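Source file: data33.txt. Holds: compact mmCIF, C-alpha atoms.
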# COMPACT_ATOMS: atom_id res chain seq x y z
CA MET A 251 98.80 135.28 -189.86
CA ARG A 252 97.39 131.77 -189.49
CA SER A 253 94.35 130.79 -191.46
CA LEU A 254 91.21 129.96 -189.51
CA ASN A 255 89.95 127.86 -192.38
CA SER A 256 89.21 124.41 -190.94
CA SER A 257 90.51 122.68 -194.07
CA ALA A 258 93.91 124.34 -193.54
CA ARG A 259 94.30 122.91 -190.01
CA ARG A 260 95.38 119.39 -189.15
CA ARG A 261 92.42 117.45 -187.84
CA ARG A 262 93.22 115.80 -184.51
CA PRO A 263 91.73 112.41 -183.67
CA PHE A 264 88.80 112.65 -181.27
CA ARG A 265 90.55 110.17 -178.94
CA GLU A 266 93.45 112.61 -178.56
CA PHE A 267 91.08 115.52 -177.88
CA LEU A 268 89.11 113.52 -175.30
CA ASP A 269 92.26 112.31 -173.55
CA GLU A 270 93.49 115.91 -173.19
CA ALA A 271 90.07 117.13 -172.06
CA LEU A 272 89.89 114.49 -169.33
CA TYR A 273 93.43 115.38 -168.21
CA ALA A 274 92.36 119.04 -167.91
CA LEU A 275 89.22 118.04 -166.03
CA ARG A 276 91.30 116.07 -163.54
CA ALA A 277 93.66 119.02 -163.01
CA GLU A 278 91.10 121.82 -162.88
CA LEU A 279 87.99 120.21 -161.41
CA PRO A 280 89.15 117.25 -159.33
CA TRP A 281 85.78 116.79 -157.60
CA VAL A 282 84.09 116.42 -161.01
CA TRP A 283 86.84 113.99 -162.07
CA ARG A 284 86.24 111.87 -158.96
CA ALA A 285 82.47 111.83 -159.60
CA LEU A 286 83.04 110.75 -163.21
CA CYS A 287 85.45 108.02 -162.11
CA ALA A 288 82.92 106.78 -159.54
CA ALA A 289 80.15 106.76 -162.15
CA LEU A 290 82.27 104.80 -164.65
CA HIS A 291 84.00 102.48 -162.16
CA ALA A 292 84.24 99.01 -163.77
CA ARG A 293 82.29 100.24 -166.80
CA ALA A 294 83.08 101.33 -170.32
CA VAL A 295 81.40 103.86 -172.59
CA ASP A 296 81.82 103.56 -176.34
CA LEU A 297 81.64 106.78 -178.33
CA ALA A 298 81.44 107.15 -182.11
CA VAL A 299 82.41 110.60 -183.38
CA ASP A 300 82.86 111.27 -187.10
CA GLY A 301 83.42 107.58 -187.75
CA GLU A 302 86.04 107.23 -185.01
CA LEU A 303 85.27 104.75 -182.24
CA VAL A 304 86.60 105.62 -178.78
CA ARG A 305 86.17 103.74 -175.51
CA VAL A 306 86.34 105.42 -172.09
CA ARG A 307 86.84 102.86 -169.36
CA GLY A 308 86.74 103.35 -165.62
CA ASP A 309 88.94 101.29 -163.31
CA ALA A 310 90.73 101.49 -159.97
CA GLU A 311 93.33 103.84 -161.47
CA GLY A 312 90.82 106.33 -162.91
CA LEU A 313 89.80 106.59 -166.55
CA SER A 314 91.46 105.38 -169.72
CA VAL A 315 90.75 106.35 -173.32
CA THR A 316 91.40 103.84 -176.09

Do you think you could lay out the structure here as structure tokens?
Amino acid sequence: MRSLNSSARRRRPFREFLDEALYALRAELPWVWRALCAALHARAVDLAVDGELVRVRGDAEGLSVT
């Protein structure tokens, strides 16, 4: 049985989590993905989560997470 203790699990970087979440959004709710892309077109949003800085940028191809 796997432990549910958070200290026993490997902590994933937020950037990795966000990248996977946006991929799922694109696959499962494409109309929401398109609205998000339109809202962020030619813009960037900087996020700071637990000391990790992540940038989501909108461009002609969609969204990128760096």

*d(atom CA of Arg262 of chain A, atom CA of Ala310 of chain A) in Å*: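 If I compute the distance from atom CA of Arg262 of chain A to atom CA of Ala310 of chain A, I get 28.5 Å.
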
*Selected residue, from A:Gly308, A:Ser314, A:Tyr273, A:Arg261, that lies nearest to Ala285 of chain A when counting all atoms listed in the file*: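 Selected residue with least distance to Ala285 of chain A: A:Gly308.
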
*Restricting the calculation to all atoms listed in the file, which member of A:Asp296, A:Asp309, A:Glu266, A:Glu302 is positioned closest to Arg284 of chain A?*
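Between A:Asp296, A:Asp309, A:Glu266, A:Glu302, the residue approaching Arg284 of chain A most closely is A:Asp309.
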
_All residues 12 Å or closer to Leu297 of chain A, all atoms listed in the file, same chain fewer than 6 positions away omitted, as number ranges by chain_ = A: 264-265, 268, 303-307, 315-316

_Between A:Leu313, A:Asp300, A:Pro263, A:Ala274, which residue has the minimum interatomic distance to Cys287 of chain A, considering only C-alpha atoms?_
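Closest residue, counting only C-alpha atoms: A:Leu313.
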
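Counting from atom CA of Leu290 of chain A, the distance to atom CA of Gly312 of chain A is 8.9 Å.
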
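For the atom pair formed by atom CA of Val299 of chain A and atom CA of Ala271 of chain A, the distance is 15.1 Å, given to one decimal.
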
Starting from the sparse input, extend segment 292-310 of chain A to N, CA, C and O atoms and give the output as a PDB file, in the frame of the given file.
ATOM      1  N   ALA A 292      84.484 100.356-163.227  1.00  0.00           N
ATOM      2  CA  ALA A 292      84.240  99.010-163.770  1.00  0.00           C
ATOM      3  C   ALA A 292      83.266  99.008-164.942  1.00  0.00           C
ATOM      4  O   ALA A 292      82.627  98.007-165.236  1.00  0.00           O
ATOM      5  N   ARG A 293      83.165 100.138-165.635  1.00  0.00           N
ATOM      6  CA  ARG A 293      82.290 100.240-166.800  1.00  0.00           C
ATOM      7  C   ARG A 293      83.074 100.844-167.960  1.00  0.00           C
ATOM      8  O   ARG A 293      84.125 101.437-167.782  1.00  0.00           O
ATOM      9  N   ALA A 294      82.498 100.706-169.135  1.00  0.00           N
ATOM     10  CA  ALA A 294      83.080 101.330-170.320  1.00  0.00           C
ATOM     11  C   ALA A 294      81.972 102.022-171.103  1.00  0.00           C
ATOM     12  O   ALA A 294      80.833 101.555-171.127  1.00  0.00           O
ATOM     13  N   VAL A 295      82.321 103.131-171.721  1.00  0.00           N
ATOM     14  CA  VAL A 295      81.400 103.860-172.590  1.00  0.00           C
ATOM     15  C   VAL A 295      82.052 103.939-173.963  1.00  0.00           C
ATOM     16  O   VAL A 295      83.197 104.369-174.083  1.00  0.00           O
ATOM     17  N   ASP A 296      81.334 103.480-174.970  1.00  0.00           N
ATOM     18  CA  ASP A 296      81.820 103.560-176.340  1.00  0.00           C
ATOM     19  C   ASP A 296      81.211 104.773-177.012  1.00  0.00           C
ATOM     20  O   ASP A 296      79.990 104.981-176.951  1.00  0.00           O
ATOM     21  N   LEU A 297      82.070 105.577-177.630  1.00  0.00           N
ATOM     22  CA  LEU A 297      81.640 106.780-178.330  1.00  0.00           C
ATOM     23  C   LEU A 297      82.026 106.670-179.797  1.00  0.00           C
ATOM     24  O   LEU A 297      83.125 106.209-180.120  1.00  0.00           O
ATOM     25  N   ALA A 298      81.140 107.096-180.678  1.00  0.00           N
ATOM     26  CA  ALA A 298      81.440 107.150-182.110  1.00  0.00           C
ATOM     27  C   ALA A 298      81.294 108.609-182.543  1.00  0.00           C
ATOM     28  O   ALA A 298      80.212 109.185-182.449  1.00  0.00           O
ATOM     29  N   VAL A 299      82.410 109.198-182.970  1.00  0.00           N
ATOM     30  CA  VAL A 299      82.410 110.600-183.380  1.00  0.00           C
ATOM     31  C   VAL A 299      83.075 110.682-184.755  1.00  0.00           C
ATOM     32  O   VAL A 299      84.239 110.301-184.912  1.00  0.00           O
ATOM     33  N   ASP A 300      82.348 111.146-185.732  1.00  0.00           N
ATOM     34  CA  ASP A 300      82.860 111.270-187.100  1.00  0.00           C
ATOM     35  C   ASP A 300      83.518 109.985-187.592  1.00  0.00           C
ATOM     36  O   ASP A 300      84.590 109.997-188.188  1.00  0.00           O
ATOM     37  N   GLY A 301      82.909 108.859-187.300  1.00  0.00           N
ATOM     38  CA  GLY A 301      83.420 107.580-187.750  1.00  0.00           C
ATOM     39  C   GLY A 301      84.545 106.997-186.902  1.00  0.00           C
ATOM     40  O   GLY A 301      85.014 105.899-187.167  1.00  0.00           O
ATOM     41  N   GLU A 302      84.983 107.715-185.892  1.00  0.00           N
ATOM     42  CA  GLU A 302      86.040 107.230-185.010  1.00  0.00           C
ATOM     43  C   GLU A 302      85.397 106.630-183.758  1.00  0.00           C
ATOM     44  O   GLU A 302      84.562 107.256-183.123  1.00  0.00           O
ATOM     45  N   LEU A 303      85.790 105.407-183.429  1.00  0.00           N
ATOM     46  CA  LEU A 303      85.270 104.750-182.240  1.00  0.00           C
ATOM     47  C   LEU A 303      86.270 104.912-181.091  1.00  0.00           C
ATOM     48  O   LEU A 303      87.456 104.635-181.251  1.00  0.00           O
ATOM     49  N   VAL A 304      85.770 105.369-179.950  1.00  0.00           N
ATOM     50  CA  VAL A 304      86.600 105.620-178.780  1.00  0.00           C
ATOM     51  C   VAL A 304      85.922 104.975-177.580  1.00  0.00           C
ATOM     52  O   VAL A 304      84.705 105.066-177.427  1.00  0.00           O
ATOM     53  N   ARG A 305      86.711 104.339-176.724  1.00  0.00           N
ATOM     54  CA  ARG A 305      86.170 103.740-175.510  1.00  0.00           C
ATOM     55  C   ARG A 305      86.779 104.438-174.296  1.00  0.00           C
ATOM     56  O   ARG A 305      87.993 104.590-174.199  1.00  0.00           O
ATOM     57  N   VAL A 306      85.916 104.865-173.372  1.00  0.00           N
ATOM     58  CA  VAL A 306      86.340 105.420-172.090  1.00  0.00           C
ATOM     59  C   VAL A 306      85.996 104.358-171.053  1.00  0.00           C
ATOM     60  O   VAL A 306      84.846 103.945-170.926  1.00  0.00           O
ATOM     61  N   ARG A 307      87.026 103.930-170.334  1.00  0.00           N
ATOM     62  CA  ARG A 307      86.840 102.860-169.360  1.00  0.00           C
ATOM     63  C   ARG A 307      87.243 103.355-167.976  1.00  0.00           C
ATOM     64  O   ARG A 307      88.269 104.004-167.822  1.00  0.00           O
ATOM     65  N   GLY A 308      86.416 103.039-167.003  1.00  0.00           N
ATOM     66  CA  GLY A 308      86.740 103.350-165.620  1.00  0.00           C
ATOM     67  C   GLY A 308      87.325 102.140-164.922  1.00  0.00           C
ATOM     68  O   GLY A 308      86.876 101.021-165.164  1.00  0.00           O
ATOM     69  N   ASP A 309      88.342 102.366-164.098  1.00  0.00           N
ATOM     70  CA  ASP A 309      88.940 101.290-163.310  1.00  0.00           C
ATOM     71  C   ASP A 309      89.499 101.854-162.024  1.00  0.00           C
ATOM     72  O   ASP A 309      89.287 103.029-161.715  1.00  0.00           O
ATOM     73  N   ALA A 310      90.199 101.057-161.257  1.00  0.00           N
ATOM     74  CA  ALA A 310      90.730 101.490-159.970  1.00  0.00           C
ATOM     75  C   ALA A 310      91.727 102.638-160.096  1.00  0.00           C
ATOM     76  O   ALA A 310      91.924 103.399-159.153  1.00  0.00           O
TER      77      ALA A 310
END
